[in-house]
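First the structure, in the form of structure tokens, and then the observations on it.
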Amino acid sequence: MGIKGGKEDVTVRQTTYYNYCPVTVIVATEVRGCYSSVIIGLGLGRRFVISWSYSSHFSFVEWVILLSVEDCYWVENRSVTIRVTWIGESQHSEIFALMDPYQAVQMNERTTHGDRTNTKIYEPVTGALACFRRMNKTHQIGCSSKLTGNVGVLHLVDSDDALNWVSRDGPHSPYIVLVYADRFVNRTTMIQLRDSGRVSGVLLLNSKTLKLDAFSEENTCPNRGYGLYTDPKDPRYCEPWNSKGNGLLYEEWDFPIFYVTDPTQVESLTGCFSHFNEPVNGTARDWPLCAAQLQSHMLAAVDSETCIRRENVFSLQPSRICDPMGGRNVWGSLFARSQQQPYSNNSVIVIGARLDSSSMFDQLTPGADSAVTALVAFLETIRHLTSVKNDLLASKTIENVYFMLFSGEAFDYIGSSRIVFDMKSNRFPFSISDSTTSQPAILKLENIKYFIEFNQVALKGKIPPYYVHSLNADGFFTEIQNQGQKIDRPLKFEQVKIEKDNKNSQGLPPSSVHSFVTHRDDLPGVVITNHNSSYRNMFHNSIYDSASAINYEYSEAHNLDVQGKIATLSATVARTIVSLANLPSEEIINSIVPDVDYVDELLHCYLEAGNCLTFQHMIGHDQLPSDPFPTYVGVYNNLNPLAILTQNLLSTYQGVKVSKDLKECKRNYDNQTVEYVWINETCYETTVNWSLALSPAFETDGRISWSEWNSGMYSTWTESVWQKFTVRIFLKPSRTHEILTIVFGALVCLLSFIVIGWVSKKSDVIFPSRPDGIC
């Protein structure tokens, strides 16, 4: 049963309902252009799972999604929704559901009895998010279960007595621990559970009534040992910028940990515990007890080098068991400039921010202040600058303004180190090619006049200041303070102060600037933050770094505090850059004013609603998930949807609409100084582009680059491959009952063999043959 979807359009989408399971879905496409990605949404009852894939290099590719019988059984009304949405430049695509209804009925008839038995024993816990394994050059972090999953009796740890019960006194170990976030915050508790040897898994329970003052899974000194301060004897080697960090993200856990977000599932788990397992007056309950099986087996182990080396061992066809972490950097420039116009030294301003954050759990990286606030300030600054770019052409001191978004910065500056590596190799933005008629001018480190980075810029409260951390950039600070005093403040919420950091002994905070200044020590680097010597963000790189953590409310007229401050900061930085261009007219600077409403909309898109109107415009339809897109970087060969949406958004800022139809817009042009991008029925000519955010320690195919690997300068993080994540609960009988059941089953089996053998041997007596002629 095939569903044709080959439209000559940016988006090709189909929605089909199947009343039978299992269903195998194949999505195939012929790729044209730089990239193509697909969102495959599988609606399973109240769940809606999103899977992302990516391809490039003008190839014909396929993605295969299998909906198993086990998954399908739990679909309400026996219905599966398959939604396919294209992002990118796909010329032709097809969607096939390989199993027709007749085949599905046959399959269901063959599996009905197994399904009924399965559902009588197990109850799945849906929507649980798993902790997974990552590795670097020296060790592994994160979680993994046994191949068949970890099993244990459920026990709720909500007091010291309950903690002692699980780790020391309880008679029914191993345990699967249920724990609320207030206990999870306590690093000592988690280490005690791990070291007890009596715990086979942890289920972290979400609670809407729980209010945390601080929770950060990151280390106290993020990206320690990378960037400027790599000598352990240097007092700046591990400054506690993230004072609330508990470091749980970087621990190795020999059992699975899942985060259960759905209140209904939380109630089901705690109810099962209280009904069957909760001790009565300090006395353990009798069997049966409520137990759980957690499955999150990781294929990779030990360290990055070991897992990559093992990939060729298992079969004649190499199998991936881990992938280098990374994604795509997004970059662009105000002006298109060819190699025939090389840049002068100290003539280009670079504005940067990060695209990613991290956490322990898959698909749960809100990154509100870890990444999003700086990203929004970055975008708004670029929008202001593009509105006056024609005026900036007259500048004699600034030849161009580059803007760069880096992926993988949470894991030892993956994205920024890659761009710097390419700059040093004279191949940024592109390697020089004789076959291309026109290429952008090569950008080198010595061409940079200022590197300006936004990094954690959420502010709340009564006029707290922004801080400028800088190296070799006193001139920039003087100018930004001057512009900050001049800027109009139409709303009281927009008042901000800008101060210079007074903790120079600490050096620069963790930021992408490190990658640049490490390779050019006199480069003027600037980091604009909301903190002086310690993060204001109490949830840095955490599952709780969400909109509520920064006091953000969408379109609330009475509370535009965060939006107003970010809008004012963005306008101030844009005015400062224009002022540094030494343009004769003050009118150009005064035309840049804070736009609180637009900042509000951007924060809404990145923090609350992936299907916001702005993102819908980037895709041309409303088939986007309602939840915000995660900011986790992922692995280098998968497309991060947040990066592509942001790239398209920048293209609408910087680009110019041109009169080209879809076919002309998607043509491959030899001129690399500009790109043509089709966005919502419109062709844009833009300088915005992307580059691979892959650590120089790896080759572009994911293999180790030994020359850079051994230098110790670059990230070596990889992510394990896994097969599936499942959580299910069931009633577990006593050990004696299980043994008796096995023994009784074995005896029955043995007896059946004896009886069948005896009957076979005596068949001529038991079933005598009839004499001839008798019917």
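Just so we're on the same page: first chain in the structure tokens is A, next is B, and so on; residues restart at 1 for each chain, and ligands are numbered from 1 in the order they show up.
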Could you please write out, as a PyMOL selection string, every residue of range 427-577 of chain A that DSSP assigns to strand (DSSP E or B)? chain A and resi 438+440+448-454+465-471+497-500+525-529
Those same residues - N, CA, C and O atoms - I'd like them written as a compact mmCIF listing (two decimals), in the first residue's frame.
# COMPACT_ATOMS: atom_id res chain seq x y z
N SER A 438 33.07 31.62 -7.95
CA SER A 438 33.21 32.69 -6.96
C SER A 438 33.02 32.11 -5.57
O SER A 438 32.05 31.39 -5.33
N PRO A 440 33.46 32.96 -1.10
CA PRO A 440 33.59 34.03 -0.11
C PRO A 440 35.05 34.24 0.27
O PRO A 440 35.87 33.32 0.21
N ILE A 448 39.94 39.43 12.68
CA ILE A 448 38.87 39.76 13.65
C ILE A 448 39.25 40.97 14.48
O ILE A 448 40.30 41.00 15.13
N LYS A 449 38.36 41.95 14.48
CA LYS A 449 38.57 43.17 15.26
C LYS A 449 38.03 42.98 16.68
O LYS A 449 38.69 43.36 17.66
N TYR A 450 36.84 42.42 16.80
CA TYR A 450 36.25 42.07 18.09
C TYR A 450 35.49 40.75 17.92
O TYR A 450 34.84 40.52 16.89
N PHE A 451 35.57 39.89 18.93
CA PHE A 451 34.69 38.73 19.02
C PHE A 451 33.75 38.97 20.19
O PHE A 451 34.19 39.06 21.34
N ILE A 452 32.46 39.11 19.91
CA ILE A 452 31.46 39.46 20.92
C ILE A 452 30.52 38.29 21.10
O ILE A 452 29.89 37.84 20.13
N GLU A 453 30.40 37.79 22.31
CA GLU A 453 29.56 36.63 22.57
C GLU A 453 28.50 36.93 23.61
O GLU A 453 28.78 37.52 24.65
N PHE A 454 27.25 36.49 23.33
CA PHE A 454 26.18 36.50 24.33
C PHE A 454 26.21 35.17 25.06
O PHE A 454 26.31 34.10 24.43
N PRO A 465 22.68 44.38 36.89
CA PRO A 465 23.48 44.75 35.72
C PRO A 465 23.81 43.55 34.82
O PRO A 465 23.79 42.40 35.26
N TYR A 466 24.10 43.88 33.57
CA TYR A 466 24.81 42.94 32.71
C TYR A 466 26.30 43.20 32.90
O TYR A 466 26.72 44.33 33.17
N TYR A 467 27.09 42.12 32.75
CA TYR A 467 28.53 42.24 32.93
C TYR A 467 29.24 41.96 31.61
O TYR A 467 28.84 41.08 30.85
N VAL A 468 30.29 42.72 31.37
CA VAL A 468 31.13 42.53 30.20
C VAL A 468 32.46 41.94 30.67
O VAL A 468 33.23 42.61 31.36
N HIS A 469 32.70 40.69 30.33
CA HIS A 469 33.99 40.03 30.60
C HIS A 469 34.82 40.16 29.33
O HIS A 469 34.33 39.81 28.24
N SER A 470 36.02 40.63 29.43
CA SER A 470 36.76 40.90 28.20
C SER A 470 38.25 40.65 28.35
O SER A 470 38.80 40.66 29.46
N LEU A 471 38.86 40.41 27.22
CA LEU A 471 40.32 40.38 27.08
C LEU A 471 40.67 41.29 25.91
O LEU A 471 40.13 41.14 24.82
N LYS A 497 21.57 48.04 33.27
CA LYS A 497 22.89 48.63 33.48
C LYS A 497 23.92 47.66 32.92
O LYS A 497 23.74 46.45 32.94
N ILE A 498 25.02 48.21 32.44
CA ILE A 498 26.10 47.39 31.90
C ILE A 498 27.37 47.76 32.64
O ILE A 498 27.78 48.93 32.66
N GLU A 499 27.99 46.77 33.28
CA GLU A 499 29.18 47.01 34.07
C GLU A 499 30.30 46.08 33.62
O GLU A 499 30.05 45.04 33.01
N LYS A 500 31.50 46.44 33.94
CA LYS A 500 32.66 45.59 33.64
C LYS A 500 32.87 44.63 34.80
O LYS A 500 32.71 45.00 35.97
N GLY A 525 38.44 39.78 22.88
CA GLY A 525 37.29 38.92 23.13
C GLY A 525 36.38 39.49 24.19
O GLY A 525 36.83 40.01 25.22
N VAL A 526 35.05 39.39 23.97
CA VAL A 526 34.05 39.96 24.87
C VAL A 526 32.99 38.90 25.15
O VAL A 526 32.48 38.27 24.21
N VAL A 527 32.66 38.71 26.42
CA VAL A 527 31.55 37.83 26.80
C VAL A 527 30.57 38.67 27.62
O VAL A 527 30.93 39.22 28.66
N ILE A 528 29.33 38.76 27.12
CA ILE A 528 28.29 39.53 27.81
C ILE A 528 27.39 38.56 28.56
O ILE A 528 26.78 37.67 27.95
N THR A 529 27.29 38.72 29.88
CA THR A 529 26.56 37.78 30.71
C THR A 529 25.70 38.52 31.74
O THR A 529 25.81 39.74 31.90
With only C-alpha atoms as the atoms that count, which of A:Met423, A:Leu355, A:Pro256, A:Tyr229 lies nearest to Leu642 in chain A? A:Leu355
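CA of Ser417 in chain A is positioned 24.7 Å from CA of Ile577 in chain A.
All residues of protein, DNA or RNA that reach within 9 Å of Ala609 in chain A, judged by only C-alpha atoms and not counting those fewer than 2 positions away in the chain, are A:His604, A:Cys605, A:Tyr606, A:Leu607, A:Asn611, A:Cys612, A:Pro625, A:Ser626, A:Asp627, A:Pro628, A:Phe629.
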Grab the residues selected above and save them as a compact mmCIF listing (two decimals), in the first residue's frame with N, CA and C atoms.
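This is the output file out_38.txt:
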# COMPACT_ATOMS: atom_id res chain seq x y z
N HIS A 604 9.07 32.67 23.12
CA HIS A 604 7.95 31.74 23.08
C HIS A 604 8.26 30.55 22.16
N CYS A 605 8.84 30.83 21.00
CA CYS A 605 9.17 29.76 20.05
C CYS A 605 10.20 28.80 20.60
N TYR A 606 11.25 29.32 21.20
CA TYR A 606 12.36 28.48 21.64
C TYR A 606 12.12 27.83 23.00
N LEU A 607 11.24 28.41 23.81
CA LEU A 607 11.05 27.90 25.16
C LEU A 607 9.73 27.17 25.38
N ASN A 611 5.67 24.85 17.50
CA ASN A 611 4.76 25.19 16.40
C ASN A 611 4.30 26.63 16.45
N CYS A 612 5.13 27.51 16.99
CA CYS A 612 4.78 28.93 17.05
C CYS A 612 4.66 29.50 15.65
N PRO A 625 5.85 20.00 16.13
CA PRO A 625 5.45 19.59 17.48
C PRO A 625 5.12 20.78 18.35
N SER A 626 4.17 20.59 19.24
CA SER A 626 3.76 21.69 20.13
C SER A 626 4.79 21.96 21.22
N ASP A 627 5.57 20.94 21.58
CA ASP A 627 6.60 21.12 22.60
C ASP A 627 7.81 21.84 22.01
N PRO A 628 8.58 22.54 22.83
CA PRO A 628 9.78 23.20 22.30
C PRO A 628 10.80 22.17 21.84
N PHE A 629 11.63 22.56 20.88
CA PHE A 629 12.67 21.67 20.39
C PHE A 629 13.78 21.56 21.42
Taking only C-alpha atoms into account, name the residue in A:Asn502, A:Thr631, A:Gln481, A:Asn346 that is nearest to Gly408 in chain A. A:Thr631
Go through A:Thr386, A:Thr478, A:Thr138, A:Ser720 and flag the residue nearest Gly332 in chain A, using only C-alpha atoms for the distances. A:Thr386
Of A:Leu751, A:Met135, A:Leu212, A:Val635, the one sitting nearest Tyr250 in chain A when using only C-alpha atoms is A:Met135
Which residues come within 10 Å of range 484-488 of chain A, counting only C-alpha atoms, excluding same-chain residues fewer than 3 positions away, as a VMD selection string? chain A and resid 479 to 481 491 494 to 498 568 to 569 571 to 573 575 to 576 589 to 590 592 to 594
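You can rank A:Pro324, A:Gly197, A:Gly127, A:Pro696 by their closest distance to Phe421 in chain A using only C-alpha atoms, and at the top of that list sits A:Pro696.
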Within 12 Å of Arg337 in chain A, counting only C-alpha atoms, which residues show up once you throw out same-chain ones fewer than 5 positions away? Write them as a PyMOL selection string, please. chain A and resi 332+342-343+348+393+399-402+429+438-443+671-674+686-687
Selection from above, N, CA and C atoms, as a JSON list (two decimals), in the first residue's frame, can you write it?
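Once written, part.json looks like this:
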[["chain", "number", "residue", "atom", "x", "y", "z"],
["A", 332, "GLY", "N", 26.88, 33.34, 9.05],
["A", 332, "GLY", "CA", 26.55, 34.22, 7.93],
["A", 332, "GLY", "C", 27.29, 35.53, 8.09],
["A", 342, "PRO", "N", 40.05, 40.34, -0.26],
["A", 342, "PRO", "CA", 40.45, 39.76, 1.03],
["A", 342, "PRO", "C", 40.31, 40.78, 2.16],
["A", 343, "TYR", "N", 40.08, 40.26, 3.36],
["A", 343, "TYR", "CA", 39.90, 41.13, 4.52],
["A", 343, "TYR", "C", 41.24, 41.64, 5.04],
["A", 348, "VAL", "N", 37.02, 42.83, 10.87],
["A", 348, "VAL", "CA", 35.74, 42.11, 10.89],
["A", 348, "VAL", "C", 35.30, 41.92, 12.34],
["A", 393, "LEU", "N", 27.75, 49.66, 4.88],
["A", 393, "LEU", "CA", 28.66, 49.52, 3.74],
["A", 393, "LEU", "C", 29.62, 50.69, 3.61],
["A", 399, "GLU", "N", 34.90, 46.10, 7.78],
["A", 399, "GLU", "CA", 34.67, 45.60, 6.43],
["A", 399, "GLU", "C", 33.54, 44.58, 6.36],
["A", 400, "ASN", "N", 33.23, 43.94, 7.46],
["A", 400, "ASN", "CA", 32.10, 43.02, 7.49],
["A", 400, "ASN", "C", 31.77, 42.66, 8.93],
["A", 401, "VAL", "N", 30.57, 42.14, 9.12],
["A", 401, "VAL", "CA", 30.15, 41.61, 10.42],
["A", 401, "VAL", "C", 29.72, 40.16, 10.19],
["A", 402, "TYR", "N", 30.43, 39.23, 10.83],
["A", 402, "TYR", "CA", 30.07, 37.82, 10.77],
["A", 402, "TYR", "C", 29.25, 37.46, 12.01],
["A", 429, "PRO", "N", 35.11, 30.47, 5.12],
["A", 429, "PRO", "CA", 33.95, 29.58, 5.22],
["A", 429, "PRO", "C", 34.07, 28.29, 4.41],
["A", 438, "SER", "N", 33.07, 31.62, -7.95],
["A", 438, "SER", "CA", 33.21, 32.69, -6.96],
["A", 438, "SER", "C", 33.02, 32.11, -5.57],
["A", 439, "GLN", "N", 33.94, 32.44, -4.67],
["A", 439, "GLN", "CA", 33.86, 31.96, -3.30],
["A", 439, "GLN", "C", 33.99, 33.12, -2.33],
["A", 440, "PRO", "N", 33.46, 32.96, -1.10],
["A", 440, "PRO", "CA", 33.59, 34.03, -0.11],
["A", 440, "PRO", "C", 35.05, 34.24, 0.27],
["A", 441, "ALA", "N", 35.36, 35.45, 0.67],
["A", 441, "ALA", "CA", 36.71, 35.75, 1.16],
["A", 441, "ALA", "C", 37.02, 34.89, 2.38],
["A", 442, "ILE", "N", 38.24, 34.36, 2.43],
["A", 442, "ILE", "CA", 38.66, 33.55, 3.58],
["A", 442, "ILE", "C", 38.73, 34.44, 4.82],
["A", 443, "LEU", "N", 38.15, 33.96, 5.90],
["A", 443, "LEU", "CA", 38.21, 34.68, 7.18],
["A", 443, "LEU", "C", 39.25, 34.03, 8.07],
["A", 671, "ASN", "N", 28.47, 29.98, -7.70],
["A", 671, "ASN", "CA", 28.79, 31.13, -6.86],
["A", 671, "ASN", "C", 28.49, 30.78, -5.40],
["A", 672, "GLN", "N", 29.53, 30.64, -4.59],
["A", 672, "GLN", "CA", 29.36, 30.29, -3.18],
["A", 672, "GLN", "C", 29.29, 31.51, -2.26],
["A", 673, "THR", "N", 29.39, 32.69, -2.81],
["A", 673, "THR", "CA", 29.30, 33.87, -1.96],
["A", 673, "THR", "C", 27.90, 34.08, -1.42],
["A", 674, "VAL", "N", 26.90, 33.50, -2.11],
["A", 674, "VAL", "CA", 25.51, 33.59, -1.64],
["A", 674, "VAL", "C", 24.86, 32.21, -1.77],
["A", 686, "THR", "N", 20.90, 34.80, 0.21],
["A", 686, "THR", "CA", 21.43, 35.06, 1.54],
["A", 686, "THR", "C", 22.87, 34.60, 1.65],
["A", 687, "THR", "N", 23.58, 35.14, 2.60],
["A", 687, "THR", "CA", 24.93, 34.67, 2.92],
["A", 687, "THR", "C", 24.91, 33.65, 4.04]]
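You can rank A:Ser274, A:Asn530, A:Ser707, A:Ser207 by their closest distance to Leu154 in chain A using only C-alpha atoms, and at the top of that list sits A:Ser274.
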